[in-house]
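Participant: Just so it is clear, I am handing over start.pdb, which has PDB, C-alpha atoms.
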```pdb
ATOM      1  CA  MET A 131     -21.449-188.572  77.461
ATOM      2  CA  PRO A 132     -23.688-185.819  76.089
ATOM      3  CA  LEU A 133     -27.361-186.674  75.746
ATOM      4  CA  HIS A 134     -29.354-185.630  72.698
ATOM      5  CA  LEU A 135     -33.123-185.769  72.286
ATOM      6  CA  ILE A 136     -34.058-186.075  68.608
ATOM      7  CA  THR A 137     -37.368-185.936  66.776
ATOM      8  CA  GLY A 138     -37.705-187.508  63.341
ATOM      9  CA  SER A 139     -35.065-190.177  63.929
ATOM     10  CA  GLY A 140     -36.996-192.789  61.966
ATOM     11  CA  SER A 141     -35.796-191.795  58.508
ATOM     12  CA  GLY A 142     -33.785-189.358  56.443
ATOM     13  CA  ILE A 143     -31.646-186.777  58.197
ATOM     14  CA  GLY A 144     -32.850-187.771  61.669
ATOM     15  CA  ALA A 145     -31.935-191.442  61.229
ATOM     16  CA  VAL A 146     -28.468-190.585  59.924
ATOM     17  CA  LEU A 147     -27.872-188.138  62.770
ATOM     18  CA  ALA A 148     -29.015-190.638  65.422
ATOM     19  CA  ARG A 149     -26.715-193.303  64.005
ATOM     20  CA  ARG A 150     -23.702-191.011  63.918
ATOM     21  CA  LEU A 151     -24.245-189.763  67.464
ATOM     22  CA  ILE A 152     -24.589-193.332  68.731
ATOM     23  CA  GLU A 153     -21.506-194.483  66.810
ATOM     24  CA  ARG A 154     -19.359-191.875  68.520
ATOM     25  CA  GLY A 155     -20.637-192.871  71.957
ATOM     26  CA  ASP A 156     -23.213-190.160  72.694
ATOM     27  CA  GLN A 157     -26.528-190.934  74.354
ATOM     28  CA  VAL A 158     -29.627-190.605  72.167
ATOM     29  CA  VAL A 159     -33.261-190.311  73.186
ATOM     30  CA  MET A 160     -35.763-190.507  70.346
ATOM     31  CA  LEU A 161     -39.197-188.888  70.483
ATOM     32  CA  VAL A 162     -41.573-191.106  68.490
ATOM     33  CA  ARG A 163     -45.265-190.829  67.712
ATOM     34  CA  ASP A 164     -46.539-194.106  69.222
ATOM     35  CA  ALA A 165     -45.535-197.296  71.021
ATOM     36  CA  GLY A 166     -45.266-199.290  67.803
ATOM     37  CA  ARG A 167     -42.804-196.814  66.374
ATOM     38  CA  ALA A 168     -40.877-196.904  69.663
ATOM     39  CA  ARG A 169     -40.447-200.681  69.399
ATOM     40  CA  GLU A 170     -39.378-200.427  65.757
ATOM     41  CA  LEU A 171     -36.716-197.791  66.374
ATOM     42  CA  SER A 172     -35.491-199.440  69.573
ATOM     43  CA  GLU A 173     -34.725-202.536  67.486
ATOM     44  CA  ARG A 174     -32.839-200.419  64.957
ATOM     45  CA  PHE A 175     -30.984-198.396  67.627
ATOM     46  CA  PRO A 176     -30.716-200.748  70.630
ATOM     47  CA  SER A 177     -28.486-198.409  72.637
ATOM     48  CA  ALA A 178     -30.938-195.507  72.317
ATOM     49  CA  THR A 179     -34.071-194.963  74.355
ATOM     50  CA  ALA A 180     -37.487-193.797  73.176
ATOM     51  CA  LEU A 181     -40.115-191.407  74.457
ATOM     52  CA  VAL A 182     -43.625-191.438  73.018
ATOM     53  CA  GLY A 183     -45.196-188.125  72.059
ATOM     54  CA  ASP A 184     -47.160-187.197  68.957
ATOM     55  CA  LEU A 185     -46.088-183.870  67.460
ATOM     56  CA  SER A 186     -49.258-183.777  65.391
ATOM     57  CA  ASN A 187     -51.185-183.322  68.661
ATOM     58  CA  PRO A 188     -49.172-180.657  70.532
ATOM     59  CA  GLY A 189     -51.808-180.202  73.208
ATOM     60  CA  ARG A 190     -51.229-183.782  74.405
ATOM     61  CA  LEU A 191     -47.441-183.626  74.614
ATOM     62  CA  SER A 192     -47.369-182.426  78.213
ATOM     63  CA  TRP A 193     -49.661-185.253  79.313
ATOM     64  CA  ALA A 194     -47.691-187.852  77.318
ATOM     65  CA  LEU A 195     -44.329-186.825  78.732
ATOM     66  CA  SER A 196     -45.705-186.649  82.285
ATOM     67  CA  LYS A 197     -46.366-190.400  82.100
ATOM     68  CA  GLN A 198     -42.761-191.261  81.214
ATOM     69  CA  ALA A 199     -39.339-190.928  82.805
ATOM     70  CA  LEU A 200     -37.577-187.947  81.271
ATOM     71  CA  PRO A 201     -33.784-187.609  81.226
ATOM     72  CA  GLU A 202     -32.396-185.591  84.119
ATOM     73  CA  ARG A 203     -29.992-183.899  81.718
ATOM     74  CA  ILE A 204     -30.426-182.938  78.056
ATOM     75  CA  ASP A 205     -27.469-181.402  76.273
ATOM     76  CA  SER A 206     -29.241-180.843  72.983
ATOM     77  CA  LEU A 207     -32.775-180.911  71.639
ATOM     78  CA  ILE A 208     -32.756-181.497  67.874
ATOM     79  CA  HIS A 209     -35.948-180.944  65.911
ATOM     80  CA  VAL A 210     -35.780-182.936  62.666
ATOM     81  CA  ALA A 211     -39.333-184.278  62.260
ATOM     82  CA  GLY A 212     -41.454-182.695  59.568
ATOM     83  CA  VAL A 213     -44.287-183.305  57.132
ATOM     84  CA  VAL A 214     -45.050-181.767  53.750
ATOM     85  CA  ASP A 215     -48.104-181.590  51.520
ATOM     86  CA  LEU A 216     -47.954-179.349  48.495
ATOM     87  CA  GLY A 217     -50.848-177.492  46.935
ATOM     88  CA  ALA A 218     -52.064-174.098  45.842
ATOM     89  CA  VAL A 219     -53.730-171.854  48.391
ATOM     90  CA  ALA A 220     -56.913-172.220  46.346
ATOM     91  CA  ASP A 221     -56.842-176.003  46.819
ATOM     92  CA  LEU A 222     -55.399-176.775  50.257
ATOM     93  CA  PRO A 223     -58.046-177.792  52.831
ATOM     94  CA  PRO A 224     -57.715-176.678  56.465
ATOM     95  CA  SER A 225     -56.732-180.206  57.546
ATOM     96  CA  LEU A 226     -53.459-180.040  55.570
ATOM     97  CA  TRP A 227     -52.675-176.587  56.947
ATOM     98  CA  GLU A 228     -53.364-177.791  60.487
ATOM     99  CA  GLN A 229     -51.252-180.940  60.152
ATOM    100  CA  GLN A 230     -48.204-179.133  58.780
ATOM    101  CA  LEU A 231     -48.425-176.296  61.279
ATOM    102  CA  ALA A 232     -48.815-178.783  64.144
ATOM    103  CA  VAL A 233     -45.907-181.085  63.270
ATOM    104  CA  ASN A 234     -43.545-178.464  61.819
ATOM    105  CA  LEU A 235     -44.160-175.547  64.179
ATOM    106  CA  VAL A 236     -46.542-175.868  67.132
ATOM    107  CA  GLY A 237     -45.246-179.300  68.156
ATOM    108  CA  PRO A 238     -41.600-178.146  68.234
ATOM    109  CA  ALA A 239     -42.602-175.019  70.151
ATOM    110  CA  GLU A 240     -44.445-177.034  72.784
ATOM    111  CA  LEU A 241     -41.742-179.700  73.094
ATOM    112  CA  THR A 242     -39.131-176.977  73.535
ATOM    113  CA  ARG A 243     -41.244-175.248  76.164
ATOM    114  CA  LEU A 244     -41.624-178.466  78.132
ATOM    115  CA  LEU A 245     -37.891-179.262  78.054
ATOM    116  CA  LEU A 246     -36.514-175.759  78.630
ATOM    117  CA  PRO A 247     -36.047-176.215  82.401
ATOM    118  CA  VAL A 248     -33.720-179.168  81.778
ATOM    119  CA  LEU A 249     -31.954-177.426  78.890
ATOM    120  CA  ARG A 250     -31.322-174.375  81.068
ATOM    121  CA  VAL A 251     -29.635-176.485  83.742
ATOM    122  CA  SER A 252     -27.258-177.988  81.183
ATOM    123  CA  ARG A 253     -26.900-174.728  79.206
ATOM    124  CA  GLY A 254     -27.777-176.876  76.242
ATOM    125  CA  ARG A 255     -28.391-176.364  72.555
ATOM    126  CA  VAL A 256     -31.597-176.372  70.530
ATOM    127  CA  VAL A 257     -31.264-177.162  66.832
ATOM    128  CA  PHE A 258     -34.148-176.621  64.426
ATOM    129  CA  VAL A 259     -33.721-178.400  61.108
ATOM    130  CA  ASN A 260     -35.657-175.951  58.982
ATOM    131  CA  SER A 261     -35.689-175.832  55.168
ATOM    132  CA  GLY A 262     -34.894-173.594  52.261
ATOM    133  CA  ALA A 263     -38.668-173.060  52.293
ATOM    134  CA  GLY A 264     -38.201-171.335  55.635
ATOM    135  CA  LEU A 265     -36.370-168.543  53.817
ATOM    136  CA  ASN A 266     -38.209-168.389  50.481
ATOM    137  CA  ALA A 267     -41.747-169.422  49.582
ATOM    138  CA  HIS A 268     -42.757-170.579  46.113
ATOM    139  CA  ALA A 269     -45.997-171.431  44.359
ATOM    140  CA  GLY A 270     -47.542-174.598  45.706
ATOM    141  CA  TRP A 271     -45.590-174.509  48.944
ATOM    142  CA  SER A 272     -47.735-172.124  51.010
ATOM    143  CA  ALA A 273     -48.614-174.281  54.031
ATOM    144  CA  TYR A 274     -45.215-175.942  54.352
ATOM    145  CA  ALA A 275     -43.334-172.670  53.825
ATOM    146  CA  ALA A 276     -45.588-170.892  56.322
ATOM    147  CA  SER A 277     -44.780-173.530  58.927
ATOM    148  CA  LYS A 278     -41.054-173.221  58.229
ATOM    149  CA  HIS A 279     -41.085-169.405  58.203
ATOM    150  CA  GLY A 280     -42.801-169.687  61.576
ATOM    151  CA  LEU A 281     -40.097-172.097  62.750
ATOM    152  CA  LYS A 282     -37.458-169.487  61.897
ATOM    153  CA  ALA A 283     -39.352-166.910  63.936
ATOM    154  CA  LEU A 284     -39.619-169.380  66.816
ATOM    155  CA  ALA A 285     -35.861-170.005  66.741
ATOM    156  CA  ASP A 286     -35.000-166.313  66.535
ATOM    157  CA  SER A 287     -37.251-165.421  69.467
ATOM    158  CA  LEU A 288     -36.071-168.376  71.526
ATOM    159  CA  ARG A 289     -32.431-167.440  70.928
ATOM    160  CA  ALA A 290     -33.008-163.935  72.271
ATOM    161  CA  GLU A 291     -35.095-165.099  75.216
ATOM    162  CA  GLU A 292     -32.807-167.908  76.354
ATOM    163  CA  ALA A 293     -29.418-166.214  75.929
ATOM    164  CA  PRO A 294     -29.425-165.150  79.610
ATOM    165  CA  HIS A 295     -29.862-168.831  80.550
ATOM    166  CA  GLY A 296     -26.988-169.990  78.343
ATOM    167  CA  VAL A 297     -29.208-171.953  75.940
ATOM    168  CA  ARG A 298     -27.906-171.675  72.373
ATOM    169  CA  VAL A 299     -30.212-171.951  69.368
ATOM    170  CA  THR A 300     -29.287-172.926  65.803
ATOM    171  CA  SER A 301     -31.405-173.078  62.653
ATOM    172  CA  VAL A 302     -30.198-175.248  59.775
ATOM    173  CA  TYR A 303     -31.730-174.629  56.354
ATOM    174  CA  PRO A 304     -31.062-177.595  54.041
ATOM    175  CA  GLY A 305     -31.881-177.367  50.390
ATOM    176  CA  ARG A 306     -33.381-180.386  48.687
ATOM    177  CA  THR A 307     -32.009-183.482  50.405
ATOM    178  CA  ALA A 308     -32.216-187.102  49.257
ATOM    179  CA  THR A 309     -34.752-188.377  51.782
ATOM    180  CA  PRO A 310     -38.112-190.182  51.648
ATOM    181  CA  MET A 311     -39.758-186.771  52.121
ATOM    182  CA  GLN A 312     -38.042-185.495  48.975
ATOM    183  CA  GLU A 313     -39.269-188.537  47.073
ATOM    184  CA  LYS A 314     -42.810-187.735  48.230
ATOM    185  CA  VAL A 315     -42.397-184.122  47.113
ATOM    186  CA  HIS A 316     -41.343-185.246  43.648
ATOM    187  CA  HIS A 317     -44.386-187.496  43.452
ATOM    188  CA  GLN A 318     -46.609-184.548  44.393
ATOM    189  CA  GLU A 319     -44.858-182.374  41.824
ATOM    190  CA  GLY A 320     -45.265-185.061  39.162
ATOM    191  CA  ARG A 321     -41.518-185.264  38.532
ATOM    192  CA  GLU A 322     -39.088-188.160  38.309
ATOM    193  CA  TYR A 323     -36.951-188.530  41.439
ATOM    194  CA  ASP A 324     -33.173-188.813  41.128
ATOM    195  CA  ALA A 325     -31.535-188.898  44.565
ATOM    196  CA  SER A 326     -28.085-188.230  43.115
ATOM    197  CA  ARG A 327     -29.095-184.665  42.276
ATOM    198  CA  TYR A 328     -29.622-183.680  45.895
ATOM    199  CA  ILE A 329     -27.759-183.325  49.182
ATOM    200  CA  ASP A 330     -26.838-186.557  50.920
ATOM    201  CA  PRO A 331     -28.416-186.698  54.417
ATOM    202  CA  GLU A 332     -24.913-187.438  55.737
ATOM    203  CA  SER A 333     -23.868-183.919  54.697
ATOM    204  CA  VAL A 334     -26.734-182.312  56.596
ATOM    205  CA  ALA A 335     -25.937-184.458  59.638
ATOM    206  CA  THR A 336     -22.325-183.242  59.456
ATOM    207  CA  THR A 337     -23.599-179.657  59.536
ATOM    208  CA  ILE A 338     -25.723-180.370  62.605
ATOM    209  CA  LEU A 339     -22.775-182.024  64.351
ATOM    210  CA  LEU A 340     -20.698-178.921  63.644
ATOM    211  CA  ALA A 341     -23.261-176.817  65.485
ATOM    212  CA  LEU A 342     -23.421-179.284  68.383
ATOM    213  CA  ASP A 343     -19.668-179.600  68.782
ATOM    214  CA  LEU A 344     -18.645-175.954  68.948
ATOM    215  CA  PRO A 345     -16.968-174.925  72.223
ATOM    216  CA  ASP A 346     -19.229-173.234  74.740
ATOM    217  CA  ASP A 347     -17.842-169.774  73.986
ATOM    218  CA  ALA A 348     -19.544-169.686  70.569
ATOM    219  CA  HIS A 349     -22.539-170.969  68.693
ATOM    220  CA  LEU A 350     -23.797-171.023  65.141
ATOM    221  CA  THR A 351     -27.117-169.252  64.705
ATOM    222  CA  ASP A 352     -28.101-169.885  61.073
ATOM    223  CA  LEU A 353     -26.640-172.352  58.555
ATOM    224  CA  ALA A 354     -27.845-172.754  54.965
ATOM    225  CA  VAL A 355     -26.836-175.939  53.135
ATOM    226  CA  ARG A 356     -27.357-176.226  49.390
ATOM    227  CA  PRO A 357     -26.694-178.904  46.756
ATOM    228  CA  SER A 358     -23.337-178.297  45.097
ATOM    229  CA  GLY A 359     -24.520-179.164  41.609
TER     230      GLY A 359
END
```
Please, can you express the file's structure as structure tokens?
Facilitator:
Amino acid sequence: MPLHLITGSGSGIGAVLARRLIERGDQVVMLVRDAGRARELSERFPSATALVGDLSNPGRLSWALSKQALPERIDSLIHVAGVVDLGAVADLPPSLWEQQLAVNLVGPAELTRLLLPVLRVSRGRVVFVNSGAGLNAHAGWSAYAASKHGLKALADSLRAEEAPHGVRVTSVYPGRTATPMQEKVHHQEGREYDASRYIDPESVATTILLALDLPDDAHLTDLAVRPSG
């Protein structure tokens, strides 16, 4: 059974993806921010296991993982976790820049670095769930878009660097998806939220599974997913 390590499995796209992988018999390891979250998700996904590591504090990830038993084999590392806080450049304080850059970019970079030796052995896959904001930045989205543009650069560099080791790297760029994060964005934008207008998380999970399930002689590098309406 392939083993997948997922961040952001507590809600939205990550929760749907974890459920679907478990339902088809794959092994799932969830990276969660603290022990309380680990207990909560272990109750929801009893066949999965949890590792504790806070992406908002990338400098502590190495220490946190060194205190836990890591899988001997990882077939895919899937970065789904993310945070968003909107605001004009003139208004955003450094703390909101730092949080979004840490969780959305520096944390994934550090987690990938720490797990690369295992991924190289398995010739595994790394999937970054990016965003349409990782391709185009708009007013009010500067910090989030900067973190996601950086995530694209991270994926592109990693793909080139790890090709000799057989590690394949995919970026998925969903448009607006009906998740709790999208509801928060609408609140920040001062707009009414209607989930039916946006992509179902199941559809994004299907896209990720497509990337994971390709035969070893090929891999998808970049996938953009947009609402059909």
Participant: Which is closest to Ala145 of chain A among A:Gln230, A:Ser326, A:Thr309, A:Ser206, if we use all atoms listed in the file?
Facilitator: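 Smallest distance to Ala145 of chain A is found for A:Thr309.
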Participant: A:Leu246, A:Ala273, A:Val159, A:Ala335: which is nearest Glu291 of chain A, counting only C-alpha atoms?
Facilitator: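 Closest to Glu291 of chain A of all the choices is A:Leu246.
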Participant: For Thr300 of chain A, which of A:Gln318, A:Ile208, A:Ser277, A:Ser261 is the closest residue, counting all atoms listed in the file?
Facilitator: A:Ile208
Participant: At a cut-off of 10 Å, can you tabulate as a tab-separated table every residue of segment 190-295 of chain A near segment 345-357 of chain A together with its closest atom pair and the distance in Å to one decimal, using all atoms listed in the file and ordering rows by chain then number?
Facilitator:
```
residue	atom	partner	partner_atom	distance
A:Arg253	CA	A:Asp346	CA	9.0
A:Gly254	CA	A:Asp346	CA	9.4
A:Arg255	CA	A:His349	CA	8.8
A:Val257	CA	A:Thr351	CA	9.2
A:Phe258	CA	A:Asp352	CA	9.7
A:Val259	CA	A:Leu353	CA	9.7
A:Asn260	CA	A:Ala354	CA	9.3
A:Ser261	CA	A:Ala354	CA	8.4
A:Gly262	CA	A:Ala354	CA	7.6
A:Leu265	CA	A:Ala354	CA	9.6
A:Lys282	CA	A:Asp352	CA	9.4
A:Ala285	CA	A:Thr351	CA	9.0
A:Asp286	CA	A:Thr351	CA	8.6
A:Arg289	CA	A:Thr351	CA	8.4
```
Participant: Box time for segment 194-202 of chain A: axis-aligned, enclosing all its listed atoms, 5 Å extra on each side; report centre and edge lengths in Å to one decimal, as AutoDock Vina command-line options.
Facilitator:
```
--center_x -40.0 --center_y -188.4 --center_z 80.7 --size_x 25.3 --size_y 15.7 --size_z 16.8
```
Participant: Between atom CA of Tyr323 of chain A and atom CA of Ser186 of chain A, what is the spacing in Å?
Facilitator: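 Distance between the two atoms: 27.3 Å.
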Participant: Just say which residues the PyMOL selection byres ((chain A and resi 241-244) around 8) picks in this file, as a PyMOL selection string.
Facilitator: chain A and resi 188+191-192+207+237-240+245-247
Participant: Could those selected residues go to a file with C-alpha atoms, as a PDB file, in the coordinates of the input?
Facilitator:
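What ended up in selection03.pdb:
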```pdb
ATOM      1  CA  PRO A 188     -49.172-180.657  70.532  1.00  0.00           C
ATOM      2  CA  LEU A 191     -47.441-183.626  74.614  1.00  0.00           C
ATOM      3  CA  SER A 192     -47.369-182.426  78.213  1.00  0.00           C
ATOM      4  CA  LEU A 207     -32.775-180.911  71.639  1.00  0.00           C
ATOM      5  CA  GLY A 237     -45.246-179.300  68.156  1.00  0.00           C
ATOM      6  CA  PRO A 238     -41.600-178.146  68.234  1.00  0.00           C
ATOM      7  CA  ALA A 239     -42.602-175.019  70.151  1.00  0.00           C
ATOM      8  CA  GLU A 240     -44.445-177.034  72.784  1.00  0.00           C
ATOM      9  CA  LEU A 245     -37.891-179.262  78.054  1.00  0.00           C
ATOM     10  CA  LEU A 246     -36.514-175.759  78.630  1.00  0.00           C
ATOM     11  CA  PRO A 247     -36.047-176.215  82.401  1.00  0.00           C
TER      12      PRO A 247
END
```
Participant: Expanded to explicit residues, what is the PyMOL selection byres ((chain A and resi 178-184) around 7) for this file, as a list in words?
Facilitator: Gln157, Val158, Val159, Met160, Leu161, Val162, Arg163, Asp164, Ala165, Ala168, Ser172, Phe175, Pro176, Ser177, Leu185, Ser186, Asn187, Leu191, Ala194 and Leu195 of chain A
Participant: Write the residues of the selection above to a file with C-alpha atoms, as a tab-separated table (two decimals), in the frame of the given file.
Facilitator:
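See selection36.tsv below for the written result:
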```tsv
chain	number	residue	atom	x	y	z
A	157	GLN	CA	-26.53	-190.93	74.35
A	158	VAL	CA	-29.63	-190.60	72.17
A	159	VAL	CA	-33.26	-190.31	73.19
A	160	MET	CA	-35.76	-190.51	70.35
A	161	LEU	CA	-39.20	-188.89	70.48
A	162	VAL	CA	-41.57	-191.11	68.49
A	163	ARG	CA	-45.26	-190.83	67.71
A	164	ASP	CA	-46.54	-194.11	69.22
A	165	ALA	CA	-45.54	-197.30	71.02
A	168	ALA	CA	-40.88	-196.90	69.66
A	172	SER	CA	-35.49	-199.44	69.57
A	175	PHE	CA	-30.98	-198.40	67.63
A	176	PRO	CA	-30.72	-200.75	70.63
A	177	SER	CA	-28.49	-198.41	72.64
A	185	LEU	CA	-46.09	-183.87	67.46
A	186	SER	CA	-49.26	-183.78	65.39
A	187	ASN	CA	-51.18	-183.32	68.66
A	191	LEU	CA	-47.44	-183.63	74.61
A	194	ALA	CA	-47.69	-187.85	77.32
A	195	LEU	CA	-44.33	-186.82	78.73
```
Participant: Could you add N, CA and C atoms to segment 160-172 of chain A and give me the result as a PDB file, keeping the file's coordinate frame?
Facilitator:
```
ATOM      1  N   MET A 160     -34.948-190.771  71.527  1.00  0.00           N
ATOM      2  CA  MET A 160     -35.763-190.507  70.346  1.00  0.00           C
ATOM      3  C   MET A 160     -37.206-190.228  70.759  1.00  0.00           C
ATOM      4  N   LEU A 161     -37.769-189.120  70.294  1.00  0.00           N
ATOM      5  CA  LEU A 161     -39.197-188.888  70.483  1.00  0.00           C
ATOM      6  C   LEU A 161     -39.926-189.487  69.292  1.00  0.00           C
ATOM      7  N   VAL A 162     -40.852-190.410  69.552  1.00  0.00           N
ATOM      8  CA  VAL A 162     -41.573-191.106  68.490  1.00  0.00           C
ATOM      9  C   VAL A 162     -43.069-190.939  68.715  1.00  0.00           C
ATOM     10  N   ARG A 163     -43.842-191.188  67.662  1.00  0.00           N
ATOM     11  CA  ARG A 163     -45.265-190.829  67.712  1.00  0.00           C
ATOM     12  C   ARG A 163     -46.132-191.827  68.469  1.00  0.00           C
ATOM     13  N   ASP A 164     -45.711-193.115  68.536  1.00  0.00           N
ATOM     14  CA  ASP A 164     -46.539-194.106  69.222  1.00  0.00           C
ATOM     15  C   ASP A 164     -45.679-195.274  69.677  1.00  0.00           C
ATOM     16  N   ALA A 165     -46.277-196.181  70.441  1.00  0.00           N
ATOM     17  CA  ALA A 165     -45.535-197.296  71.021  1.00  0.00           C
ATOM     18  C   ALA A 165     -44.996-198.235  69.957  1.00  0.00           C
ATOM     19  N   GLY A 166     -45.749-198.434  68.875  1.00  0.00           N
ATOM     20  CA  GLY A 166     -45.266-199.290  67.803  1.00  0.00           C
ATOM     21  C   GLY A 166     -44.009-198.743  67.159  1.00  0.00           C
ATOM     22  N   ARG A 167     -43.996-197.445  66.934  1.00  0.00           N
ATOM     23  CA  ARG A 167     -42.804-196.814  66.374  1.00  0.00           C
ATOM     24  C   ARG A 167     -41.643-196.895  67.361  1.00  0.00           C
ATOM     25  N   ALA A 168     -41.927-196.789  68.650  1.00  0.00           N
ATOM     26  CA  ALA A 168     -40.877-196.904  69.663  1.00  0.00           C
ATOM     27  C   ALA A 168     -40.215-198.271  69.613  1.00  0.00           C
ATOM     28  N   ARG A 169     -41.008-199.329  69.485  1.00  0.00           N
ATOM     29  CA  ARG A 169     -40.447-200.681  69.399  1.00  0.00           C
ATOM     30  C   ARG A 169     -39.599-200.835  68.137  1.00  0.00           C
ATOM     31  N   GLU A 170     -40.094-200.311  67.038  1.00  0.00           N
ATOM     32  CA  GLU A 170     -39.378-200.427  65.757  1.00  0.00           C
ATOM     33  C   GLU A 170     -38.014-199.741  65.823  1.00  0.00           C
ATOM     34  N   LEU A 171     -37.983-198.520  66.338  1.00  0.00           N
ATOM     35  CA  LEU A 171     -36.716-197.791  66.374  1.00  0.00           C
ATOM     36  C   LEU A 171     -35.787-198.312  67.466  1.00  0.00           C
ATOM     37  N   SER A 172     -36.335-198.846  68.541  1.00  0.00           N
ATOM     38  CA  SER A 172     -35.491-199.440  69.573  1.00  0.00           C
ATOM     39  C   SER A 172     -34.763-200.673  69.043  1.00  0.00           C
TER      40      SER A 172
END
```
